[in-house]
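Content type compact mmCIF, C-alpha atoms, from the file target_19.txt:
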```
# COMPACT_ATOMS: atom_id res chain seq x y z
CA MET I 1 246.84 216.34 181.37
CA GLN I 2 249.29 216.22 184.27
CA LYS I 3 250.92 212.82 184.65
CA VAL I 4 250.94 211.09 188.03
CA ALA I 5 253.57 208.70 189.39
CA LEU I 6 253.14 206.79 192.65
CA ILE I 7 256.30 205.37 194.24
CA THR I 8 256.29 202.94 197.15
CA GLY I 9 259.28 203.09 199.49
CA ALA I 10 259.94 206.68 198.40
CA SER I 11 261.38 208.09 201.63
CA SER I 12 264.96 206.84 201.22
CA GLY I 13 267.44 204.94 199.08
CA ILE I 14 266.56 204.21 195.47
CA GLY I 15 262.97 205.40 195.96
CA LEU I 16 264.02 208.90 197.03
CA ALA I 17 266.73 209.09 194.35
CA LEU I 18 264.13 208.09 191.78
CA CYS I 19 261.81 210.88 192.94
CA LYS I 20 264.57 213.46 192.57
CA ARG I 21 265.48 212.23 189.12
CA LEU I 22 261.87 212.12 187.91
CA LEU I 23 261.31 215.73 188.93
CA ALA I 24 264.49 216.68 187.09
CA GLU I 25 263.13 214.92 183.99
CA ASP I 26 259.60 216.37 184.20
CA ASP I 27 258.90 219.22 186.61
CA GLU I 28 255.18 219.06 185.76
CA LEU I 29 254.88 215.49 187.03
CA HIS I 30 252.81 214.88 190.17
CA LEU I 31 254.71 212.62 192.56
CA CYS I 32 252.78 210.63 195.15
CA LEU I 33 255.03 209.19 197.85
CA ALA I 34 253.59 205.99 199.34
CA CYS I 35 255.52 205.44 202.57
CA ARG I 36 255.17 203.48 205.78
CA ASN I 37 256.65 206.13 208.08
CA PRO I 38 254.84 209.51 207.93
CA SER I 39 257.70 211.54 209.43
CA LYS I 40 260.23 210.13 206.95
CA ALA I 41 257.77 210.73 204.14
CA ARG I 42 257.37 214.36 205.17
CA ALA I 43 261.15 214.80 205.35
CA ALA I 44 261.49 213.34 201.85
CA CYS I 45 258.73 215.61 200.58
CA ASP I 46 260.40 218.67 202.12
CA ALA I 47 263.72 217.72 200.51
CA LEU I 48 262.09 217.35 197.11
CA LEU I 49 260.31 220.69 197.41
CA ALA I 50 263.52 222.38 198.55
CA SER I 51 265.22 221.43 195.29
CA HIS I 52 262.06 221.78 193.17
CA PRO I 53 259.92 224.51 194.82
CA SER I 54 257.21 224.38 192.16
CA ALA I 55 256.89 220.60 192.20
CA ASP I 56 253.59 218.87 192.88
CA VAL I 57 254.25 216.28 195.60
CA SER I 58 251.77 214.47 197.85
CA ILE I 59 252.02 211.76 200.50
CA VAL I 60 249.99 208.62 201.17
CA GLN I 61 250.70 206.51 204.23
CA MET I 62 250.98 202.88 203.20
CA ASP I 63 252.71 199.84 204.63
CA VAL I 64 252.87 197.12 201.97
CA SER I 65 253.51 194.52 204.68
CA SER I 66 249.97 195.15 205.95
CA LEU I 67 247.02 194.42 203.66
CA PRO I 68 244.59 196.68 205.57
CA SER I 69 247.11 199.51 205.21
CA VAL I 70 247.40 198.84 201.48
CA VAL I 71 243.63 198.92 201.05
CA ARG I 72 243.29 202.15 203.06
CA GLY I 73 246.13 203.76 201.13
CA ALA I 74 244.67 202.69 197.80
CA LYS I 75 241.32 204.17 198.80
CA GLU I 76 243.01 207.50 199.52
CA VAL I 77 244.83 207.39 196.17
CA LYS I 78 241.54 206.78 194.35
CA GLN I 79 240.04 209.79 196.10
CA LYS I 80 242.96 212.00 195.00
CA PHE I 81 243.47 210.95 191.40
CA GLN I 82 241.46 209.88 188.38
CA ARG I 83 244.33 207.92 186.84
CA LEU I 84 247.89 206.81 187.47
CA ASP I 85 250.45 206.89 184.68
CA TYR I 86 253.28 205.20 186.60
CA LEU I 87 253.23 202.89 189.59
CA TYR I 88 256.74 202.21 190.86
CA LEU I 89 256.65 199.11 193.05
CA ASN I 90 259.89 199.82 194.85
CA ALA I 91 259.41 199.13 198.59
CA GLY I 92 261.22 196.05 199.82
CA ILE I 93 262.98 194.47 202.78
CA MET I 94 265.84 192.07 203.44
CA PRO I 95 265.43 191.40 207.19
CA ASN I 96 268.41 190.45 209.34
CA PRO I 97 270.76 189.56 206.46
CA GLN I 98 273.53 187.18 207.44
CA LEU I 99 276.68 186.66 205.40
CA ASN I 100 277.58 183.04 204.70
CA ILE I 101 281.25 183.26 205.62
CA LYS I 102 282.12 179.87 204.13
CA ALA I 103 280.52 180.75 200.78
CA PHE I 104 282.11 184.21 200.89
CA LEU I 105 285.63 182.86 201.36
CA PHE I 106 285.12 180.17 198.73
CA SER I 107 283.84 182.71 196.19
CA ILE I 108 286.90 184.95 196.64
CA PHE I 109 289.08 182.25 195.10
CA SER I 110 286.60 181.09 192.46
CA ARG I 111 286.51 182.04 188.78
CA ASN I 112 283.03 183.49 189.35
CA VAL I 113 284.05 186.00 192.01
CA ILE I 114 282.76 189.05 190.10
CA HIS I 115 279.43 187.37 189.33
CA VAL I 116 278.95 186.27 192.94
CA PHE I 117 279.71 189.71 194.36
CA SER I 118 277.44 191.47 191.86
CA THR I 119 274.49 189.14 192.53
CA ALA I 120 275.21 187.99 196.13
CA GLU I 121 274.29 184.53 194.89
CA GLY I 122 274.60 182.06 197.75
CA LEU I 123 276.15 184.65 200.07
CA LEU I 124 273.17 185.93 202.04
CA THR I 125 270.57 184.34 204.26
CA GLN I 126 267.75 186.08 206.11
CA ASN I 127 265.58 185.39 209.13
CA ASP I 128 261.98 185.88 208.07
CA LYS I 129 258.88 186.18 210.27
CA VAL I 130 255.11 186.03 209.97
CA THR I 131 253.08 189.25 209.69
CA ALA I 132 249.77 190.06 211.35
CA ASP I 133 248.08 189.01 208.09
CA GLY I 134 249.55 185.52 208.39
CA PHE I 135 252.08 185.82 205.56
CA GLN I 136 255.85 185.62 205.54
CA GLU I 137 257.05 189.21 205.91
CA VAL I 138 259.42 189.25 202.93
CA PHE I 139 256.81 187.70 200.63
CA GLU I 140 254.10 190.14 201.70
CA THR I 141 256.31 193.25 201.63
CA ASN I 142 258.23 192.61 198.43
CA LEU I 143 255.47 190.99 196.39
CA PHE I 144 252.00 190.27 197.71
CA GLY I 145 251.23 193.68 199.22
CA HIS I 146 252.18 195.27 195.92
CA PHE I 147 250.01 192.81 194.01
CA ILE I 148 246.99 193.73 196.13
CA LEU I 149 247.81 197.40 195.57
CA ILE I 150 247.70 196.85 191.81
CA ARG I 151 244.34 195.09 192.09
CA GLU I 152 242.93 197.92 194.19
CA LEU I 153 244.18 200.59 191.79
CA GLU I 154 243.01 198.90 188.59
CA PRO I 155 240.41 201.63 187.85
CA LEU I 156 243.20 204.22 187.82
CA LEU I 157 245.66 202.09 185.88
CA CYS I 158 243.63 200.42 183.15
CA HIS I 159 242.90 202.86 180.31
CA THR I 160 243.27 201.63 176.75
CA ASP I 161 243.59 205.14 175.29
CA ILE I 162 246.75 206.07 177.24
CA PRO I 163 248.76 203.12 178.67
CA SER I 164 249.97 203.03 182.27
CA GLN I 165 253.14 201.38 183.55
CA LEU I 166 253.95 199.13 186.48
CA ILE I 167 257.68 199.23 187.21
CA TRP I 168 259.02 196.74 189.75
CA THR I 169 262.34 196.97 191.54
CA SER I 170 263.61 193.41 191.21
CA SER I 171 267.18 192.15 191.67
CA ARG I 172 270.04 190.21 190.12
CA ASN I 173 269.66 188.10 193.24
CA ALA I 174 266.38 186.71 191.84
CA LYS I 175 267.34 183.06 191.43
CA LYS I 176 265.04 180.28 190.30
CA SER I 177 266.96 177.87 192.54
CA ASN I 178 265.53 179.70 195.55
CA PHE I 179 261.93 179.65 194.35
CA SER I 180 259.34 176.90 194.31
CA LEU I 181 255.61 176.88 193.64
CA GLU I 182 255.42 174.31 196.40
CA ASP I 183 256.67 176.94 198.87
CA ILE I 184 255.99 180.28 197.25
CA GLN I 185 256.45 182.19 200.51
CA HIS I 186 259.81 180.48 201.11
CA THR I 187 258.84 179.29 204.57
CA LYS I 188 261.31 176.42 204.46
CA GLY I 189 264.34 178.19 203.04
CA GLN I 190 266.85 180.78 204.15
CA GLU I 191 266.83 183.12 201.14
CA PRO I 192 263.33 184.66 201.10
CA TYR I 193 264.60 187.86 199.46
CA SER I 194 265.88 186.01 196.40
CA SER I 195 262.71 183.93 196.26
CA SER I 196 260.46 187.00 196.41
CA LYS I 197 262.38 188.73 193.63
CA TYR I 198 262.18 185.69 191.37
CA ALA I 199 258.45 185.52 192.09
CA THR I 200 258.32 189.20 191.10
CA ASP I 201 259.83 188.33 187.72
CA LEU I 202 257.23 185.59 187.25
CA LEU I 203 254.37 187.85 188.31
CA ASN I 204 255.57 190.53 185.91
CA VAL I 205 254.96 188.17 182.99
CA ALA I 206 251.54 187.18 184.31
CA LEU I 207 250.52 190.81 184.74
CA ASN I 208 251.43 191.60 181.14
CA ARG I 209 249.50 188.63 179.84
CA ASN I 210 246.47 189.55 181.91
CA PHE I 211 246.43 193.35 181.57
CA ASN I 212 248.13 194.48 178.35
CA GLN I 213 244.82 194.44 176.50
CA LYS I 214 243.47 196.80 179.18
CA GLY I 215 246.26 199.33 178.64
CA LEU I 216 248.45 198.31 181.60
CA TYR I 217 252.06 197.19 181.08
CA SER I 218 254.55 195.81 183.60
CA SER I 219 258.38 195.83 183.65
CA VAL I 220 261.07 194.66 186.06
CA VAL I 221 264.29 196.47 186.86
CA CYS I 222 267.51 195.67 188.69
CA PRO I 223 269.31 198.70 190.16
CA GLY I 224 272.62 196.87 190.53
CA VAL I 225 274.77 196.75 193.64
CA VAL I 226 273.68 199.87 195.50
CA MET I 227 274.70 201.07 198.94
CA THR I 228 271.42 201.67 200.80
CA ASN I 229 270.04 200.81 204.23
CA LEU I 230 269.29 197.37 202.78
CA THR I 231 272.94 196.61 202.02
CA TYR I 232 274.57 198.48 204.89
CA GLY I 233 272.92 196.07 207.31
CA ILE I 234 274.77 193.08 205.88
CA LEU I 235 278.20 193.90 207.32
CA PRO I 236 279.53 196.07 210.17
CA PRO I 237 280.22 199.72 209.17
CA PHE I 238 284.01 199.39 209.43
CA VAL I 239 283.96 196.53 206.92
CA TRP I 240 282.12 198.68 204.38
CA THR I 241 284.70 201.41 204.95
CA LEU I 242 287.39 198.93 203.92
CA LEU I 243 285.43 197.45 201.01
CA LEU I 244 284.08 200.57 199.30
CA PRO I 245 287.38 201.62 197.66
CA LEU I 246 287.73 198.09 196.31
CA MET I 247 284.15 198.17 194.99
CA TRP I 248 284.80 201.43 193.14
CA LEU I 249 287.82 199.76 191.55
CA ILE I 250 285.87 196.62 190.63
CA ARG I 251 283.39 198.81 188.76
CA PHE I 252 285.93 199.17 185.96
CA PHE I 253 285.46 195.44 185.36
CA ALA I 254 281.86 194.88 186.56
CA ASN I 255 279.49 197.71 185.69
CA ALA I 256 276.78 196.20 187.88
CA PHE I 257 278.37 198.02 190.82
CA THR I 258 276.25 201.16 190.47
CA LEU I 259 276.91 201.88 194.19
CA THR I 260 274.82 205.06 194.61
CA PRO I 261 270.99 205.24 194.65
CA TYR I 262 271.19 207.90 191.91
CA ASN I 263 273.01 205.50 189.60
CA GLY I 264 270.84 202.57 190.62
CA ALA I 265 267.71 204.45 189.56
CA GLU I 266 268.97 204.70 185.96
CA ALA I 267 266.79 201.90 184.54
CA LEU I 268 263.76 203.14 186.49
CA VAL I 269 264.16 206.58 184.93
CA TRP I 270 264.84 205.11 181.49
CA LEU I 271 261.51 203.25 181.58
CA PHE I 272 259.78 206.53 182.42
CA HIS I 273 260.54 207.67 178.86
CA GLN I 274 259.65 204.45 177.03
CA LYS I 275 256.46 203.49 175.23
CA PRO I 276 255.40 200.52 177.36
CA GLU I 277 253.77 198.65 174.49
CA SER I 278 257.16 198.48 172.76
CA LEU I 279 258.90 196.75 175.68
CA ASN I 280 259.61 193.04 175.91
CA PRO I 281 257.78 191.49 178.90
CA LEU I 282 260.45 188.79 179.13
CA THR I 283 263.25 191.32 179.61
CA LYS I 284 264.65 192.67 182.86
CA TYR I 285 266.17 196.12 182.55
CA LEU I 286 269.42 196.56 184.44
CA SER I 287 271.17 199.70 185.63
CA PHE I 288 274.91 199.84 184.92
CA THR I 289 277.64 202.35 185.73
CA THR I 290 281.04 202.38 184.08
CA GLY I 291 284.29 202.86 185.97
CA PHE I 292 284.24 206.50 184.88
CA GLY I 293 280.74 207.06 186.23
CA THR I 294 278.64 206.90 183.06
CA ASN I 295 275.22 205.30 183.51
CA TYR I 296 273.49 203.13 180.97
CA VAL I 297 270.71 200.51 180.73
CA LYS I 298 270.91 197.00 179.36
CA GLY I 299 268.20 194.40 178.85
CA GLN I 300 268.58 190.83 180.05
CA LYS I 301 266.25 187.94 179.30
CA VAL I 302 264.42 186.72 182.36
CA SER I 303 264.81 183.00 183.04
CA LEU I 304 261.33 181.61 183.65
CA PHE I 305 261.71 177.88 183.98
CA MET I 306 258.06 177.18 184.85
CA LEU I 307 256.41 179.65 182.51
CA SER I 308 254.94 177.09 180.14
CA ARG I 309 252.82 175.29 182.73
CA SER I 310 252.01 177.07 185.94
CA MET I 311 252.36 180.67 184.84
CA LEU I 312 250.28 180.38 181.69
CA TRP I 313 247.63 178.55 183.64
CA ALA I 314 247.69 181.21 186.29
CA CYS I 315 246.48 183.87 183.87
CA ASP I 316 243.53 181.89 182.51
CA ALA I 317 240.48 181.66 184.74
CA ASP I 318 238.80 178.96 182.64
CA GLN I 319 241.49 176.36 183.31
CA SER I 320 241.69 174.03 186.26
CA ALA I 321 244.61 174.22 188.64
CA PRO I 322 247.68 172.06 187.97
CA PRO I 323 248.34 169.37 190.60
CA SER I 324 251.30 171.34 191.97
CA VAL I 325 249.05 174.27 192.97
CA PRO I 326 246.22 172.94 195.18
CA GLU I 327 243.22 175.21 195.74
CA SER I 328 243.39 174.81 199.51
CA SER I 329 246.66 176.75 199.63
CA LEU I 330 245.24 180.03 198.30
CA TRP I 331 246.56 182.29 201.08
CA HIS I 332 249.42 180.35 202.56
CA GLY I 333 252.00 179.44 199.98
CA ARG I 334 251.44 177.85 196.65
CA GLY I 335 248.50 179.80 195.30
CA LEU I 336 249.68 183.39 194.78
CA PHE I 337 248.59 183.48 191.15
CA TYR I 338 245.09 182.34 192.10
CA CYS I 339 244.75 185.98 193.11
CA PHE I 340 244.03 186.82 189.48
CA LEU I 341 240.70 185.09 190.03
CA LEU I 342 239.85 187.06 193.18
CA PRO I 343 237.69 190.16 193.63
CA PRO I 344 239.32 193.40 194.82
CA ALA I 345 240.87 193.20 198.27
CA SER I 346 238.26 195.56 199.77
CA GLU I 347 235.69 192.80 199.20
CA LEU I 348 237.92 190.27 200.93
CA TRP I 349 238.63 192.55 203.90
CA PRO I 350 235.55 194.82 204.06
CA SER I 351 236.39 196.13 207.54
CA SER I 352 239.77 197.47 206.37
CA SER I 353 238.28 199.77 203.72
CA SER I 354 236.10 201.74 206.10
```
Could you express the structure from this file as C-alpha cells?
Amino acid sequence: MQKVALITGASSGIGLALCKRLLAEDDELHLCLACRNPSKARAACDALLASHPSADVSIVQMDVSSLPSVVRGAKEVKQKFQRLDYLYLNAGIMPNPQLNIKAFLFSIFSRNVIHVFSTAEGLLTQNDKVTADGFQEVFETNLFGHFILIRELEPLLCHTDIPSQLIWTSSRNAKKSNFSLEDIQHTKGQEPYSSSKYATDLLNVALNRNFNQKGLYSSVVCPGVVMTNLTYGILPPFVWTLLLPLMWLIRFFANAFTLTPYNGAEALVWLFHQKPESLNPLTKYLSFTTGFGTNYVKGQKVSLFMLSRSMLWACDADQSAPPSVPESSLWHGRGLFYCFLLPPASELWPSSSS
C-alpha cells in the first residue's frame, strides 16, 4: 500500500526541504502539502514535480492559526485518504523577533557563547497578538492548531496493525523557564516562541501516553540553527551577510549550526526510516552538521520538570484537575491538556465543518 505523508508548512524552508528529501528517499510516497498560501503551495508542488516528475503530490489549504481552516482542511484530507502514515507538524511562526542587544553583547564575552548562539536562549523576544479564535497567535500556530489537526485526523492515524507517526518540529530554544501552566499561552511574557516549543515537548509525551496503544507514536525534532524566513527576520540583511562566514566557521566547534534547510531536515528524514515503537518518547532528536558538511542525528533527553504531576494527570480522564489547572480556563491559557477530554473539533465548531 502506498504510504502517505502530510506536511504542514511545506511551501518553504525546512518543510520544502523535507519534501524534497522524502521524495529522494521514497519516490512512491504520496506527499500532501498542507499550506496556508495556495499560490506558494502550487509553486512548491511544481518544484517538486520538476525534480520528481513521477511523484504523487497533492495540496490541501490549511492555516493552523485558524481552527475553522484546520477543520476544513482535515475534512478534505479525510476525503482523500484512508490513512496517514506520517504527519509532520512543521508549520510555525516567530512574529516580529527582536534581538536583546544587552543580552547579545553580554553573551559574546561569556563562557557560554556557543550555547547561547546555538539556542538563542535569552536573546530573542517577540510581539504576539490575538487571533480571530481568541488565542495567542504563536500558541495557536505552533501548537494548538496542530493539536486540533491531530484530533480531527485520528481515524486516519490510529491503526494498531501498522503504526503511524507524528513528527513535530520543535527547537533548542524550548526552555522550561519560559513556560508555565499558569500562563500556557504566554500572554504575560516576551518569549512566546520558546514557550510554545517547550509546550510542544510536553504535549509530545502526553500524546504518546494517550495514543501509543492505538498505534500512533509522536516524536520531537530540532533542526538546529537554520537560515530560513524565520531567522532572516531577526537581523537586517547586511548583518547576516557579515555573520554567515563566521557561522560556517563556528560549525567546526558547534555542529548545531546546520544552516541550510536541507541539513536541518536530517532528523526529520531519519525518523521517516525508524520503527516508531522503538523510539524513546522522552528523547528529542537533533539535526547536526559537522564543519565538513556531514549530517548526523543525536538524541537528547527532554527536560520535563512538571511531568510527574500535571502531565500525567492530563492524560487520564478519570482524575480530577490539579489546583494549578482550573476548569474555567479551558480555552484561554492553563487548560490545553484538557483537550484530551474533548470531542473532535467539528463538534465544537459545527459551522466550520460545513
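Residue nearest Phe288 (chain I), chosen from I:Leu89, I:Ala44, I:Leu259, I:Val239 and counting only C-alpha atoms: I:Leu259.
Relative to CA of Ile150 (chain I), CA of Cys19 (chain I) is found at 19.9 Å.
Candidate residues I:Thr241, I:Asn90, I:Ser11, I:Thr131 were compared for distance to Gln61 (chain I), and the nearest is I:Ser11, using all atoms listed in the file.
Among the candidate residues I:Arg72, I:Phe292, I:Arg21, I:Ser65, the one lying nearest to Glu152 (chain I) is I:Arg72, with distances computed using all atoms listed in the file.
Candidate residues I:Leu249, I:Cys45, I:Met1, I:Ile14 were compared for distance to Tyr88 (chain I), and the nearest is I:Ile14, using all atoms listed in the file.
Distances to Leu230 (chain I) were evaluated for I:Ala91, I:Val57, I:Val4, I:Met62 using only C-alpha atoms, and the minimum falls at I:Ala91.
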List the neighbours of Tyr217 (chain I) out to 10 Å using only C-alpha atoms; skip same-chain residues closer than 6 positions along the sequence, and give me the result as a list of chain:residue names. I:Tyr86, I:Leu157, I:Cys158, I:Pro163, I:Ser164, I:Gln165, I:Leu166, I:Ile167, I:Asn204, I:Val205, I:Leu207, I:Asn208, I:Arg209, I:Asn210, I:Phe211, I:Lys275, I:Pro276, I:Glu277, I:Ser278, I:Leu279, I:Pro281
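For the residues I:His52, I:Val221, I:Ser287, I:Met227, ranking by smallest atom-to-atom distance to Leu243 (chain I) using only C-alpha atoms places I:Met227 first.
As for CA of His30 (chain I) and CA of Tyr262 (chain I), they are spaced 19.7 Å apart.
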Report as a ChimeraX atom specification all protein, DNA and RNA residues lying within 9 Å of Leu18 (chain I), evaluated on all atoms listed in the file, omitting residues in the same chain fewer than 4 positions from it. /I:7,10,13-14,22-23,261-262,264-266,268-269
Near Gly145 (chain I), counting all atoms listed in the file, which residues have an atom at most 12 Å away, once you skip same-chain residues fewer than 2 positions from it, shown as a ChimeraX atom specification? /I:8,62-71,73-74,89-92,131,133,135-143,147-152,196,200,336,339,345
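Picture a line from CA of Glu28 (chain I) to CA of Leu49 (chain I); it runs 12.8 Å.
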Output region 185-257 of chain I from the block with C-alpha atoms, as a PDB file, in the first residue's frame?
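Wrote it out as selection.pdb, contents follow:
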```pdb
ATOM      1  CA  GLN I 185      -0.300  30.804  26.011  1.00  0.00           C
ATOM      2  CA  HIS I 186       2.493  33.048  27.314  1.00  0.00           C
ATOM      3  CA  THR I 187       0.283  36.127  27.394  1.00  0.00           C
ATOM      4  CA  LYS I 188       2.412  37.793  30.052  1.00  0.00           C
ATOM      5  CA  GLY I 189       5.875  37.075  28.695  1.00  0.00           C
ATOM      6  CA  GLN I 190       8.027  38.148  25.781  1.00  0.00           C
ATOM      7  CA  GLU I 191       9.235  34.764  24.511  1.00  0.00           C
ATOM      8  CA  PRO I 192       6.097  33.011  23.208  1.00  0.00           C
ATOM      9  CA  TYR I 193       8.104  31.033  20.632  1.00  0.00           C
ATOM     10  CA  SER I 194      10.232  29.354  23.296  1.00  0.00           C
ATOM     11  CA  SER I 195       7.159  28.740  25.442  1.00  0.00           C
ATOM     12  CA  SER I 196       5.241  27.137  22.572  1.00  0.00           C
ATOM     13  CA  LYS I 197       8.138  24.830  21.722  1.00  0.00           C
ATOM     14  CA  TYR I 198       8.509  23.695  25.325  1.00  0.00           C
ATOM     15  CA  ALA I 199       4.758  23.058  25.415  1.00  0.00           C
ATOM     16  CA  THR I 200       5.261  21.006  22.241  1.00  0.00           C
ATOM     17  CA  ASP I 201       7.795  18.827  24.055  1.00  0.00           C
ATOM     18  CA  LEU I 202       5.319  18.326  26.908  1.00  0.00           C
ATOM     19  CA  LEU I 203       2.450  17.559  24.551  1.00  0.00           C
ATOM     20  CA  ASN I 204       4.611  15.037  22.709  1.00  0.00           C
ATOM     21  CA  VAL I 205       4.888  12.965  25.888  1.00  0.00           C
ATOM     22  CA  ALA I 206       1.157  13.225  26.556  1.00  0.00           C
ATOM     23  CA  LEU I 207       0.329  12.126  23.017  1.00  0.00           C
ATOM     24  CA  ASN I 208       2.494   9.027  23.358  1.00  0.00           C
ATOM     25  CA  ARG I 209       0.927   8.106  26.665  1.00  0.00           C
ATOM     26  CA  ASN I 210      -2.562   8.572  25.268  1.00  0.00           C
ATOM     27  CA  PHE I 211      -2.194   7.097  21.772  1.00  0.00           C
ATOM     28  CA  ASN I 212       0.605   4.508  21.635  1.00  0.00           C
ATOM     29  CA  GLN I 213      -1.838   1.706  22.390  1.00  0.00           C
ATOM     30  CA  LYS I 214      -3.855   2.878  19.366  1.00  0.00           C
ATOM     31  CA  GLY I 215      -0.874   2.613  17.024  1.00  0.00           C
ATOM     32  CA  LEU I 216       0.066   6.314  16.974  1.00  0.00           C
ATOM     33  CA  TYR I 217       3.532   7.485  18.050  1.00  0.00           C
ATOM     34  CA  SER I 218       4.868  11.012  18.467  1.00  0.00           C
ATOM     35  CA  SER I 219       8.428  12.414  18.274  1.00  0.00           C
ATOM     36  CA  VAL I 220      10.004  15.863  18.523  1.00  0.00           C
ATOM     37  CA  VAL I 221      12.877  17.156  16.425  1.00  0.00           C
ATOM     38  CA  CYS I 222      15.179  20.160  16.480  1.00  0.00           C
ATOM     39  CA  PRO I 223      16.572  21.172  13.070  1.00  0.00           C
ATOM     40  CA  GLY I 224      19.401  23.234  14.553  1.00  0.00           C
ATOM     41  CA  VAL I 225      20.312  26.781  13.614  1.00  0.00           C
ATOM     42  CA  VAL I 226      18.871  27.080  10.107  1.00  0.00           C
ATOM     43  CA  MET I 227      18.712  30.112   7.850  1.00  0.00           C
ATOM     44  CA  THR I 228      15.049  30.400   6.837  1.00  0.00           C
ATOM     45  CA  ASN I 229      12.493  33.206   6.631  1.00  0.00           C
ATOM     46  CA  LEU I 230      12.043  32.717  10.377  1.00  0.00           C
ATOM     47  CA  THR I 231      15.659  33.571  11.191  1.00  0.00           C
ATOM     48  CA  TYR I 232      16.316  36.110   8.448  1.00  0.00           C
ATOM     49  CA  GLY I 233      13.743  38.403  10.044  1.00  0.00           C
ATOM     50  CA  ILE I 234      15.744  38.718  13.249  1.00  0.00           C
ATOM     51  CA  LEU I 235      18.510  40.954  11.881  1.00  0.00           C
ATOM     52  CA  PRO I 236      18.919  43.273   8.875  1.00  0.00           C
ATOM     53  CA  PRO I 237      20.188  41.521   5.702  1.00  0.00           C
ATOM     54  CA  PHE I 238      23.614  43.203   5.782  1.00  0.00           C
ATOM     55  CA  VAL I 239      24.226  41.842   9.283  1.00  0.00           C
ATOM     56  CA  TRP I 240      23.557  38.286   8.112  1.00  0.00           C
ATOM     57  CA  THR I 241      25.975  38.871   5.235  1.00  0.00           C
ATOM     58  CA  LEU I 242      28.661  39.674   7.801  1.00  0.00           C
ATOM     59  CA  LEU I 243      27.734  36.865  10.196  1.00  0.00           C
ATOM     60  CA  LEU I 244      27.307  33.920   7.831  1.00  0.00           C
ATOM     61  CA  PRO I 245      31.049  33.318   7.215  1.00  0.00           C
ATOM     62  CA  LEU I 246      31.572  33.337  10.975  1.00  0.00           C
ATOM     63  CA  MET I 247      28.701  30.878  11.453  1.00  0.00           C
ATOM     64  CA  TRP I 248      30.206  28.475   8.916  1.00  0.00           C
ATOM     65  CA  LEU I 249      33.452  28.657  10.879  1.00  0.00           C
ATOM     66  CA  ILE I 250      31.711  28.112  14.227  1.00  0.00           C
ATOM     67  CA  ARG I 251      30.220  24.908  12.835  1.00  0.00           C
ATOM     68  CA  PHE I 252      33.600  23.227  13.271  1.00  0.00           C
ATOM     69  CA  PHE I 253      33.082  23.681  17.016  1.00  0.00           C
ATOM     70  CA  ALA I 254      29.267  23.631  17.309  1.00  0.00           C
ATOM     71  CA  ASN I 255      27.573  21.149  14.993  1.00  0.00           C
ATOM     72  CA  ALA I 256      24.154  22.583  15.853  1.00  0.00           C
ATOM     73  CA  PHE I 257      24.750  25.187  13.139  1.00  0.00           C
TER      74      PHE I 257
END
```
